[in-house]
>>> print(open('upload_24.txt').read())   # compact mmCIF, C-alpha atoms
# COMPACT_ATOMS: atom_id res chain seq x y z
CA MET A 73 31.27 -0.94 -7.33
CA GLN A 74 33.90 -3.33 -6.02
CA LEU A 75 34.60 -3.26 -2.29
CA SER A 76 37.80 -4.58 -0.78
CA ARG A 77 36.21 -5.97 2.38
CA GLN A 78 34.55 -9.31 3.10
CA LEU A 79 30.78 -8.94 2.76
CA ASP A 80 28.94 -11.58 4.78
CA ASN A 81 25.86 -9.49 5.59
CA LEU A 82 23.69 -6.76 4.22
CA ALA A 83 22.70 -3.83 6.45
CA LEU A 84 19.86 -1.42 5.74
CA ILE A 85 20.03 2.07 7.17
CA GLY A 86 17.74 5.04 6.61
CA PHE A 87 15.00 7.11 8.15
CA MET A 88 11.81 5.61 9.56
CA GLY A 89 9.27 4.89 6.86
CA THR A 90 11.78 4.33 4.07
CA GLY A 91 11.03 0.60 3.94
CA LYS A 92 13.89 -0.99 5.88
CA THR A 93 11.72 -3.68 7.48
CA SER A 94 9.47 -4.57 4.54
CA VAL A 95 12.32 -4.42 2.01
CA GLY A 96 14.71 -6.18 4.40
CA ARG A 97 12.36 -9.14 4.83
CA LEU A 98 12.05 -9.49 1.04
CA VAL A 99 15.83 -9.25 0.53
CA ALA A 100 16.40 -11.91 3.21
CA GLU A 101 13.85 -14.17 1.54
CA ILE A 102 15.41 -13.73 -1.92
CA MET A 103 18.98 -14.25 -0.65
CA ARG A 104 18.07 -16.96 1.87
CA PHE A 105 19.60 -14.86 4.65
CA GLU A 106 18.22 -14.41 8.15
CA PHE A 107 16.35 -11.15 8.75
CA LEU A 108 17.31 -9.26 11.91
CA ASP A 109 15.84 -5.96 13.07
CA THR A 110 17.95 -4.08 15.62
CA ASP A 111 14.86 -2.42 17.15
CA GLU A 112 13.15 -5.81 17.59
CA LEU A 113 16.28 -7.27 19.20
CA ILE A 114 16.50 -4.33 21.62
CA GLN A 115 12.81 -4.59 22.55
CA SER A 116 13.03 -8.32 23.13
CA ARG A 117 16.10 -7.96 25.35
CA ALA A 118 14.75 -4.98 27.29
CA GLY A 119 11.26 -6.46 27.63
CA ARG A 120 9.90 -3.03 26.69
CA THR A 121 8.95 -1.15 23.55
CA ILE A 122 11.27 1.45 22.01
CA ALA A 123 8.74 4.12 23.06
CA GLU A 124 8.90 2.90 26.67
CA ILE A 125 12.71 2.88 26.67
CA PHE A 126 12.75 6.45 25.30
CA GLU A 127 10.13 7.57 27.82
CA GLN A 128 11.58 5.86 30.90
CA ASP A 129 15.34 5.96 30.28
CA GLY A 130 15.87 8.52 27.51
CA GLU A 131 17.35 8.38 24.04
CA SER A 132 20.94 7.95 25.26
CA ALA A 133 20.04 4.70 27.09
CA PHE A 134 18.35 3.43 23.93
CA ARG A 135 21.43 4.34 21.84
CA ALA A 136 23.65 2.40 24.27
CA LEU A 137 21.46 -0.70 23.82
CA GLU A 138 21.60 -0.18 20.07
CA ARG A 139 25.40 -0.01 20.13
CA GLN A 140 25.59 -3.29 22.08
CA VAL A 141 23.36 -5.06 19.52
CA VAL A 142 25.44 -3.77 16.57
CA LEU A 143 28.66 -5.06 18.12
CA GLU A 144 27.11 -8.51 18.52
CA LEU A 145 25.81 -8.61 14.93
CA VAL A 146 29.15 -7.91 13.24
CA ASN A 147 30.35 -11.45 13.94
CA ARG A 148 27.38 -13.07 12.20
CA LYS A 149 27.05 -14.21 8.59
CA LYS A 150 24.22 -14.35 6.05
CA ASN A 151 22.02 -11.76 7.70
CA VAL A 152 19.99 -8.84 6.45
CA ILE A 153 20.17 -6.33 9.29
CA SER A 154 17.49 -3.65 9.42
CA THR A 155 18.58 -0.81 11.69
CA GLY A 156 16.78 1.91 13.58
CA GLY A 157 16.72 5.27 11.81
CA GLY A 158 19.16 6.96 14.18
CA LEU A 159 21.67 4.12 14.41
CA PRO A 160 24.14 5.47 11.81
CA THR A 161 24.40 8.84 13.56
CA ASN A 162 26.95 7.07 15.74
CA ALA A 163 29.93 6.72 13.38
CA ASP A 164 31.16 3.70 15.36
CA ASN A 165 27.91 1.85 14.56
CA LEU A 166 28.32 2.49 10.86
CA ALA A 167 31.98 1.49 10.94
CA ALA A 168 31.09 -1.73 12.80
CA LEU A 169 28.41 -2.60 10.25
CA LYS A 170 30.85 -1.96 7.42
CA THR A 171 33.34 -4.51 8.80
CA ASN A 172 31.41 -7.30 7.04
CA ALA A 173 28.21 -5.87 5.56
CA LEU A 174 27.25 -3.99 2.45
CA VAL A 175 25.51 -0.95 3.93
CA VAL A 176 22.55 0.23 1.88
CA CYS A 177 20.70 3.43 2.74
CA LEU A 178 17.04 3.57 1.82
CA TRP A 179 16.01 7.14 1.10
CA ALA A 180 12.62 8.83 0.76
CA SER A 181 11.34 12.39 0.70
CA PRO A 182 9.94 13.91 3.91
CA GLU A 183 6.49 13.96 2.27
CA LYS A 184 6.60 10.25 1.40
CA ILE A 185 7.89 9.39 4.89
CA TRP A 186 5.02 11.32 6.50
CA GLU A 187 2.53 9.58 4.20
CA ARG A 188 3.90 6.19 5.32
CA VAL A 189 4.21 6.79 9.10
CA ARG A 190 1.45 9.27 9.94
CA TYR A 191 -0.87 6.63 11.44
CA GLN A 192 1.80 4.71 13.36
CA SER A 193 1.77 5.27 17.10
CA HIS A 194 5.05 3.46 17.88
CA ARG A 195 7.31 6.28 16.62
CA PRO A 196 8.55 8.16 19.74
CA LEU A 197 10.44 10.77 17.72
CA LEU A 198 7.17 11.87 16.12
CA ASN A 199 5.55 12.78 19.44
CA HIS A 200 5.94 16.40 18.48
CA PRO A 201 3.54 19.32 17.88
CA ASP A 202 4.55 19.42 14.18
CA PRO A 203 5.62 15.88 13.19
CA GLN A 204 6.20 16.81 9.54
CA GLN A 205 8.62 19.54 10.56
CA ARG A 206 10.29 17.08 12.95
CA ILE A 207 10.77 14.62 10.07
CA ARG A 208 12.40 17.36 7.95
CA GLU A 209 14.70 18.38 10.85
CA LEU A 210 15.79 14.83 11.69
CA LEU A 211 16.24 13.91 8.05
CA ALA A 212 18.44 16.96 7.47
CA ALA A 213 20.51 16.18 10.57
CA ARG A 214 20.94 12.51 9.65
CA GLU A 215 21.51 12.95 5.92
CA PRO A 216 25.33 13.29 6.17
CA HIS A 217 25.43 9.99 8.12
CA TYR A 218 23.12 8.23 5.68
CA LYS A 219 25.33 9.32 2.78
CA ASN A 220 28.19 7.28 4.27
CA ALA A 221 26.41 4.10 3.15
CA ASP A 222 27.94 2.04 0.36
CA VAL A 223 24.77 2.36 -1.74
CA LEU A 224 21.82 4.78 -1.65
CA VAL A 225 18.44 3.66 -2.99
CA ASN A 226 15.47 6.01 -3.33
CA THR A 227 12.23 4.27 -2.32
CA ASP A 228 9.77 7.09 -3.11
CA LEU A 229 8.36 5.71 -6.37
CA ARG A 230 9.31 2.04 -6.13
CA SER A 231 7.52 -0.94 -4.65
CA ALA A 232 9.21 -2.87 -1.84
CA ARG A 233 9.84 -5.73 -4.29
CA GLU A 234 11.54 -3.42 -6.82
CA VAL A 235 13.76 -1.96 -4.09
CA ALA A 236 14.59 -5.46 -2.80
CA GLN A 237 15.59 -6.62 -6.27
CA GLN A 238 17.84 -3.60 -6.74
CA ILE A 239 19.53 -4.27 -3.37
CA VAL A 240 20.11 -7.95 -4.22
CA LEU A 241 21.68 -6.85 -7.52
CA GLN A 242 23.91 -4.33 -5.71
CA PHE A 243 25.03 -7.06 -3.28
CA LYS A 244 25.90 -9.40 -6.17
CA ILE A 245 27.89 -6.65 -7.88
CA ALA A 246 29.72 -5.78 -4.67
CA THR A 247 30.65 -9.40 -3.92
CA ARG A 248 31.78 -10.31 -7.43
CA HIS A 249 35.43 -11.30 -7.32
>>> encode(input="upload_24.txt", output="structure tokens")
Amino acid sequence: MQLSRQLDNLALIGFMGTGKTSVGRLVAEIMRFEFLDTDELIQSRAGRTIAEIFEQDGESAFRALERQVVLELVNRKKNVISTGGGLPTNADNLAALKTNALVVCLWASPEKIWERVRYQSHRPLLNHPDPQQRIRELLAAREPHYKNADVLVNTDLRSAREVAQQIVLQFKIATRH
């Protein structure tokens, strides 16, 4: 895979529970890049949790904050950017990330995602009578967006370290001149 654009960053997209944060931190450590999490940046700027933003202002207000963060990150170099699960549903966000980042989608089955997130209370999209069904619905709706990544990596049966090593290898292949 040879890409014709300048790759200064690596961006991780994918559904909640696929390993974007844990894998992203490992990739940043291996590559000596800075790790940035779009959700953490939004929370720190808003002074509120993602759940509070969703509850008080709605999803569209959160998505506007997310868009603003993405536009700021495209001018940076040597970053591993972990994104919120819904970020790539806005095609402009994905296009902005692709201006200078290799975009890697981490993928997992709905069952594995549920296994990983079922005890986490900070997931506003799972405040639903049937969270497993909600995961399946959201995953199906987002799948076409996730497939626009440069690379897809299944995380179901791999450790975070194995996934991180595969991503580093993909980045080296993509940046080989």
>>> residues_near_point(input="upload_24.txt", point="(17.9, 4.5, -4.5)", cutoff="8 Å", atoms="all atoms listed in the file", output="compact mmCIF listing (two decimals) with C-alpha atoms, in the coordinates of the input")
# COMPACT_ATOMS: atom_id res chain seq x y z
CA CYS A 177 20.70 3.43 2.74
CA LEU A 178 17.04 3.57 1.82
CA TRP A 179 16.01 7.14 1.10
CA VAL A 223 24.77 2.36 -1.74
CA LEU A 224 21.82 4.78 -1.65
CA VAL A 225 18.44 3.66 -2.99
CA ASN A 226 15.47 6.01 -3.33
CA THR A 227 12.23 4.27 -2.32
CA VAL A 235 13.76 -1.96 -4.09
>>> residues_around(input="upload_24.txt", residues="range 83-95 of chain A", least_positions_apart="3", cutoff="8 Å", atoms="all atoms listed in the file", output="PyMOL selection string")
chain A and resi 98-99+109+152-160+169+173-180+185-186+188-189+211+218+221+227-228+232-233+235-236
>>> atom_distance(input="upload_24.txt", atom1="CA of Met103 in chain A", atom2="CA of Gln115 in chain A")
25.9 Å
>>> residues_around(input="upload_24.txt", residues="range 200-205 of chain A", least_positions_apart="2", cutoff="12 Å", atoms="all atoms listed in the file", output="list in words")
Ser181, Pro182, Glu183, Lys184, Ile185, Trp186, Glu187, Arg188, Val189, Arg190, Tyr191, Gln192, Ser193, Arg195, Pro196, Leu197, Leu198, Ile207, Arg208, Glu209, Leu210, Leu211 and Ala212 of chain A
>>> residues_around(input="upload_24.txt", residues="Arg139 in chain A", least_positions_apart="3", cutoff="9 Å", atoms="all atoms listed in the file", output="PyMOL selection string")
chain A and resi 134-136+142-144+159+162+164-165
>>> write_last_selection(input="upload_24.txt", atoms="C-alpha atoms", output="short mmCIF file (atom, residue, chain, number, x, y, z; two decimals), in the frame of the given file")
data_model
loop_
_atom_site.label_atom_id
_atom_site.label_comp_id
_atom_site.auth_asym_id
_atom_site.auth_seq_id
_atom_site.Cartn_x
_atom_site.Cartn_y
_atom_site.Cartn_z
CA PHE A 134 18.35 3.43 23.93
CA ARG A 135 21.43 4.34 21.84
CA ALA A 136 23.65 2.40 24.27
CA VAL A 142 25.44 -3.77 16.57
CA LEU A 143 28.66 -5.06 18.12
CA GLU A 144 27.11 -8.51 18.52
CA LEU A 159 21.67 4.12 14.41
CA ASN A 162 26.95 7.07 15.74
CA ASP A 164 31.16 3.70 15.36
CA ASN A 165 27.91 1.85 14.56
#
>>> atom_distance(input="upload_24.txt", atom1="CA of Asn81 in chain A", atom2="CA of Val141 in chain A")
14.8 Å
>>> atom_distance(input="upload_24.txt", atom1="CA of Asp111 in chain A", atom2="CA of Thr161 in chain A")
15.2 Å
>>> residues_around(input="upload_24.txt", residues="Thr171 in chain A", least_positions_apart="2", cutoff="8 Å", atoms="all atoms listed in the file", output="PyMOL selection string")
chain A and resi 77-79+146+167-169+173
>>> residues_around(input="upload_24.txt", residues="Phe107 in chain A", least_positions_apart="3", cutoff="6 Å", atoms="all atoms listed in the file", output="JSON, numbers by chain")
{"A": [97, 100, 151, 152]}
>>> axis_aligned_box(input="upload_24.txt", around="range 232-246 of chain A", padding_each_side="6 Å", output="JSON")
{"center_x": 19.5, "center_y": -5.7, "center_z": -4.9, "size_x": 32.5, "size_y": 19.4, "size_z": 18.0}
>>> closest_residue(input="upload_24.txt", among="A:Arg230, A:Arg148, A:Arg206, A:Lys170", to="Ser76 in chain A", atoms="all atoms listed in the file")
A:Lys170
>>> closest_residue(input="upload_24.txt", among="A:His217, A:His194, A:Ile239, A:Ala118", to="Ala133 in chain A", atoms="all atoms listed in the file")
A:Ala118
>>> closest_residue(input="upload_24.txt", among="A:Thr110, A:Asp129, A:Arg104, A:Leu166", to="Lys219 in chain A", atoms="all atoms listed in the file")
A:Leu166
>>> closest_residue(input="upload_24.txt", among="A:Lys150, A:Gln242, A:Phe126, A:Leu113", to="Glu138 in chain A", atoms="only C-alpha atoms")
A:Leu113
>>> closest_residue(input="upload_24.txt", among="A:Leu137, A:Ala213, A:Leu145, A:Leu241", to="Ile102 in chain A", atoms="all atoms listed in the file")
A:Leu241
>>> build_atoms(input="upload_24.txt", residues="range 85-105 of chain A", atoms="N, CA and C atoms", output="compact mmCIF listing (two decimals), keeping the file's coordinate frame")
# COMPACT_ATOMS: atom_id res chain seq x y z
N ILE A 85 20.16 0.90 6.32
CA ILE A 85 20.03 2.07 7.17
C ILE A 85 19.08 3.04 6.46
N GLY A 86 18.62 4.03 7.19
CA GLY A 86 17.74 5.04 6.61
C GLY A 86 16.71 5.48 7.62
N PHE A 87 16.00 6.51 7.26
CA PHE A 87 15.00 7.11 8.15
C PHE A 87 13.81 6.18 8.31
N MET A 88 13.05 6.38 9.38
CA MET A 88 11.81 5.61 9.56
C MET A 88 10.93 5.82 8.33
N GLY A 89 10.21 4.77 7.97
CA GLY A 89 9.27 4.89 6.86
C GLY A 89 9.88 4.79 5.48
N THR A 90 11.17 4.46 5.39
CA THR A 90 11.78 4.33 4.07
C THR A 90 11.68 2.90 3.54
N GLY A 91 11.25 1.97 4.39
CA GLY A 91 11.03 0.60 3.94
C GLY A 91 12.04 -0.41 4.43
N LYS A 92 12.82 -0.09 5.44
CA LYS A 92 13.89 -0.99 5.88
C LYS A 92 13.35 -2.36 6.29
N THR A 93 12.25 -2.40 7.01
CA THR A 93 11.72 -3.68 7.48
C THR A 93 11.07 -4.47 6.34
N SER A 94 10.16 -3.84 5.61
CA SER A 94 9.47 -4.57 4.54
C SER A 94 10.44 -5.00 3.44
N VAL A 95 11.32 -4.10 3.04
CA VAL A 95 12.32 -4.42 2.01
C VAL A 95 13.31 -5.45 2.56
N GLY A 96 13.74 -5.27 3.79
CA GLY A 96 14.71 -6.18 4.40
C GLY A 96 14.21 -7.61 4.46
N ARG A 97 12.94 -7.79 4.79
CA ARG A 97 12.36 -9.14 4.83
C ARG A 97 12.37 -9.77 3.43
N LEU A 98 12.04 -8.98 2.42
CA LEU A 98 12.05 -9.49 1.04
C LEU A 98 13.46 -9.85 0.59
N VAL A 99 14.44 -8.98 0.90
CA VAL A 99 15.83 -9.25 0.53
C VAL A 99 16.30 -10.54 1.20
N ALA A 100 15.99 -10.70 2.48
CA ALA A 100 16.40 -11.91 3.21
C ALA A 100 15.78 -13.15 2.58
N GLU A 101 14.53 -13.04 2.18
CA GLU A 101 13.85 -14.17 1.54
C GLU A 101 14.52 -14.51 0.20
N ILE A 102 14.79 -13.51 -0.62
CA ILE A 102 15.41 -13.73 -1.92
C ILE A 102 16.81 -14.34 -1.77
N MET A 103 17.59 -13.82 -0.81
CA MET A 103 18.98 -14.25 -0.65
C MET A 103 19.14 -15.46 0.26
N ARG A 104 18.05 -15.87 0.88
CA ARG A 104 18.07 -16.96 1.87
C ARG A 104 19.00 -16.60 3.05
N PHE A 105 18.89 -15.36 3.47
CA PHE A 105 19.60 -14.86 4.65
C PHE A 105 18.59 -14.77 5.79
